[in-house]
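Visitor: Have a look at this one before I ask anything.
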Amino acid sequence: MLWPECGLSAGRSSLSTALWSLRHELEPTGFEPGSVLLADRHTIAVRRESVGTDMAEFERLLRAAAAAGPAERQELSTAALELYAGEFMAGYYEDWVLAEQRRLGDLAHRALGEVTAVLEEVGDLAHALEHAWRAVRLDPLGEEHHARLMRLQTRAGHPELALQQYRELERLVQKDLHVAPSEAVRAVAREALKARRTLPATDR
């Protein structure tokens, strides 16, 4: 993962140099050695209590949201989603990285779905659409995200956009998965088509 082009000896040397630089940055004068960075011949670690990360705070907020009442849950989930910037360690393909990508992505999509549903329920379609779009961008092949977006677009009075979104999903799943959209998504598209037929000709 680190310095794959180097041999064992050169890799160890590069690691030692990197650790020295990290200690210099993370444990400057006045900090006790080992108060942040832990390292021995076999492992390197950071003391959890000494640092904070967006992902740790993201998970903390979601745990708090799960234990909160409806209003606070929405606020905490929204705050958590503001910290989720996209796929964890994008471009790395080690097994543990892929597992974390899936786990964190699932948490984000679940929170997005819950927040969007509440926004839709209270009639805040503008913000519901923003969250639905974000879910589609994070997972372009996730049919449930496209279906939610299409339903919101139709409800907001833009069935033509919902039909465009269906065609985009159709293109994506055919290109990448060699399948057609599911019946559930096709049903949402049919509702959009029905809604479009009720619009004045100039709005279609």
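Residue numbering restarts at 1 for every chain of the structure tokens, chains are lettered A, B, ... in their displayed order, and ligands are numbered from 1 as they appear.
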What are the closest atom pairs, with distances in Å to one decimal, for all residues of segment 110-158 of chain A lying within 12 Å of segment 163-186 of chain A? Consider only C-alpha atoms, order rows by chain and residue number, and present the result as CSV.

Guide:
```
residue,atom,partner,partner_atom,distance
A:Ala132,CA,A:Gln165,CA,11.9
A:Trp133,CA,A:Gln165,CA,10.5
A:Val136,CA,A:Leu169,CA,9.8
A:Arg137,CA,A:Leu169,CA,11.7
A:Asp139,CA,A:Leu169,CA,11.3
A:Pro140,CA,A:Leu172,CA,7.8
A:Leu141,CA,A:Val173,CA,6.5
A:Gly142,CA,A:Leu169,CA,9.0
A:Glu143,CA,A:Val185,CA,7.0
A:Glu144,CA,A:Val185,CA,7.7
A:His145,CA,A:Val185,CA,9.9
A:His146,CA,A:Gln165,CA,7.1
A:Ala147,CA,A:Val185,CA,5.5
A:Arg148,CA,A:Val185,CA,9.1
A:Leu149,CA,A:Gln165,CA,8.1
A:Met150,CA,A:Gln165,CA,6.6
A:Arg151,CA,A:Val185,CA,9.6
A:Leu152,CA,A:Gln165,CA,11.4
A:Gln153,CA,A:Leu163,CA,9.2
A:Thr154,CA,A:Leu163,CA,8.9
A:His158,CA,A:Leu163,CA,9.1
```

Visitor: List the spatial neighbours of segment 6-23 of chain A as a list in words - criterion: any atom at most 9 Å away, only C-alpha atoms, same-chain residues fewer than 3 positions off excluded.

Guide: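 After dropping sequence-adjacent residues, the list is Leu2, Trp3, Leu26, Glu27, Pro28, Pro33, Gly34, Val36, Leu37 and Ala39 of chain A.
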
Visitor: Save the residues we just selected, N, CA and C atoms, as a CSV table (one decimal), in the first residue's frame?

Guide:
```csv
chain,number,residue,atom,x,y,z
A,2,LEU,N,1.9,1.2,0.8
A,2,LEU,CA,2.9,2.4,0.9
A,2,LEU,C,4.2,2.0,0.1
A,3,TRP,N,4.6,2.8,-0.8
A,3,TRP,CA,5.8,2.6,-1.5
A,3,TRP,C,5.9,1.2,-2.1
A,26,LEU,N,3.0,15.7,14.9
A,26,LEU,CA,1.9,15.4,15.8
A,26,LEU,C,2.3,15.5,17.3
A,27,GLU,N,3.6,15.4,17.5
A,27,GLU,CA,4.1,15.5,18.9
A,27,GLU,C,5.2,16.5,19.0
A,28,PRO,N,4.9,17.8,18.8
A,28,PRO,CA,6.0,18.8,18.8
A,28,PRO,C,6.5,19.0,20.3
A,33,PRO,N,6.5,11.9,24.1
A,33,PRO,CA,6.6,11.0,23.0
A,33,PRO,C,5.7,9.8,23.2
A,34,GLY,N,5.0,9.4,22.1
A,34,GLY,CA,4.0,8.3,22.2
A,34,GLY,C,2.6,8.8,22.7
A,36,VAL,N,0.6,10.6,21.0
A,36,VAL,CA,-0.3,10.5,19.9
A,36,VAL,C,0.0,9.3,19.0
A,37,LEU,N,1.2,9.1,18.6
A,37,LEU,CA,1.6,8.1,17.7
A,37,LEU,C,2.2,6.9,18.4
A,39,ALA,N,4.1,3.2,17.8
A,39,ALA,CA,4.8,2.4,16.8
A,39,ALA,C,5.8,1.4,17.4
```

Visitor: List every residue of segment 12-182 of chain A that DSSP, applied to the backbone of this structure, places in strand (DSSP E), and write the result as a list of chain:residue names.

Guide: A:Leu37, A:Leu38, A:Ala39, A:Ile44, A:Ala45, A:Val46

Visitor: Output C-alpha atoms for every residue in that selection, as a PDB file, in the first residue's frame.

Guide:
```
ATOM      1  CA  LEU A  37       1.595   8.086  17.672  1.00  0.00           C
ATOM      2  CA  LEU A  38       2.304   4.509  18.731  1.00  0.00           C
ATOM      3  CA  ALA A  39       4.790   2.399  16.787  1.00  0.00           C
ATOM      4  CA  ILE A  44       1.726   1.630  13.872  1.00  0.00           C
ATOM      5  CA  ALA A  45      -1.291   3.238  15.503  1.00  0.00           C
ATOM      6  CA  VAL A  46      -2.714   6.547  16.626  1.00  0.00           C
TER       7      VAL A  46
END
```

Visitor: Report the residues of segment 9-185 of chain A whose backbone DSSP state falls under helix (DSSP H, G or I), written as an MDAnalysis selection string.

Guide: chainID A and resid 9:26 48:50 54:66 70:83 95:121 125:138 143:155 159:177 183:185

Visitor: Here is a test: counting only C-alpha atoms, which residue of A:Ala187, A:Ala71, A:Val97, A:Ala156 is nearest to Val115 of chain A?

Guide: A:Ala71

Visitor: I'd like to know which of A:Glu160, A:Glu114, A:Glu130, A:Glu121 is closest to Ser77 of chain A, using only C-alpha atoms.

Guide: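 For Ser77 of chain A, the nearest of the given residues is A:Glu114.
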
Visitor: Considering only C-alpha atoms, state which residue in the set A:Ala135, A:Arg102, A:Ser50, A:Arg60 is at the smallest distance from Ser35 of chain A.

Guide: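 Among the listed residues, the smallest separation from Ser35 of chain A belongs to A:Ser50.
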
Visitor: Any idea what's packed within 9 Å of Ala111 of chain A, counting only C-alpha atoms, ignoring anything in its chain fewer than 3 positions away? Could you give it as a list in words?

Guide: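 Residues near the query, excluding close chain neighbours: Leu62, Ser77, Thr78, Ala80, Leu81, Asp106, Leu107, Ala108, Glu114, Val115 and Thr116 of chain A.
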
Visitor: Could you tell me which of A:Leu129, A:Val118, A:Leu76, A:Ala162 comes closest to Val188 of chain A if we count only C-alpha atoms?

Guide: A:Ala162

Visitor: Quick check, in Å to one decimal: how far apart do atom CA of Gly113 of chain A and atom CA of Ala68 of chain A lie?

Guide: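 Result for atom CA of Gly113 of chain A versus atom CA of Ala68 of chain A: 17.1 Å, one decimal.
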
Visitor: Leaving out Glu87 of chain A and any residue of its chain fewer than 2 positions from it, which residues lie within 10 Å of it when counting only C-alpha atoms, given as a list in words?

Guide: Tyr84, Ala85, Met89, Ala90, Gly91, Leu98, Glu100, Gln101, Arg102, Leu104, Gly105, Ala108, Leu138 and Asp139 of chain A

Visitor: Could the residues in this selection be written to a file with N, CA and C atoms, as an mmCIF file, in the first residue's frame?

Guide:
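New file out-v2.cif:
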```
data_model
loop_
_atom_site.group_PDB
_atom_site.id
_atom_site.type_symbol
_atom_site.label_atom_id
_atom_site.label_comp_id
_atom_site.auth_asym_id
_atom_site.auth_seq_id
_atom_site.Cartn_x
_atom_site.Cartn_y
_atom_site.Cartn_z
ATOM 1 N N TYR A 84 -19.901 13.769 5.639
ATOM 2 C CA TYR A 84 -19.619 12.667 4.708
ATOM 3 C C TYR A 84 -19.298 13.256 3.340
ATOM 4 N N ALA A 85 -18.017 13.239 2.990
ATOM 5 C CA ALA A 85 -17.566 13.897 1.759
ATOM 6 C C ALA A 85 -17.503 12.960 0.566
ATOM 7 N N MET A 89 -11.433 6.712 1.423
ATOM 8 C CA MET A 89 -10.170 6.322 0.785
ATOM 9 C C MET A 89 -10.375 5.869 -0.658
ATOM 10 N N ALA A 90 -11.040 6.695 -1.429
ATOM 11 C CA ALA A 90 -11.291 6.372 -2.842
ATOM 12 C C ALA A 90 -9.974 6.138 -3.568
ATOM 13 N N GLY A 91 -9.946 5.104 -4.395
ATOM 14 C CA GLY A 91 -8.746 4.781 -5.150
ATOM 15 C C GLY A 91 -7.887 3.706 -4.518
ATOM 16 N N LEU A 98 -12.123 -1.609 1.205
ATOM 17 C CA LEU A 98 -13.392 -1.862 0.517
ATOM 18 C C LEU A 98 -14.516 -2.139 1.515
ATOM 19 N N GLU A 100 -14.706 -0.999 4.603
ATOM 20 C CA GLU A 100 -15.058 0.274 5.233
ATOM 21 C C GLU A 100 -15.838 1.171 4.281
ATOM 22 N N GLN A 101 -15.463 1.149 3.007
ATOM 23 C CA GLN A 101 -16.214 1.932 2.020
ATOM 24 C C GLN A 101 -17.677 1.510 2.001
ATOM 25 N N ARG A 102 -17.903 0.208 1.992
ATOM 26 C CA ARG A 102 -19.283 -0.304 1.965
ATOM 27 C C ARG A 102 -20.024 0.051 3.254
ATOM 28 N N LEU A 104 -19.427 2.454 5.572
ATOM 29 C CA LEU A 104 -19.698 3.882 5.730
ATOM 30 C C LEU A 104 -20.681 4.380 4.678
ATOM 31 N N GLY A 105 -20.560 3.844 3.458
ATOM 32 C CA GLY A 105 -21.502 4.217 2.411
ATOM 33 C C GLY A 105 -22.920 3.807 2.761
ATOM 34 N N ALA A 108 -24.291 6.239 5.283
ATOM 35 C CA ALA A 108 -24.638 7.521 4.662
ATOM 36 C C ALA A 108 -25.933 7.414 3.872
ATOM 37 N N LEU A 138 -23.798 9.727 -5.124
ATOM 38 C CA LEU A 138 -22.945 8.840 -4.341
ATOM 39 C C LEU A 138 -23.032 7.395 -4.811
ATOM 40 N N ASP A 139 -24.178 7.009 -5.333
ATOM 41 C CA ASP A 139 -24.389 5.617 -5.757
ATOM 42 C C ASP A 139 -25.190 5.610 -7.058
#
```
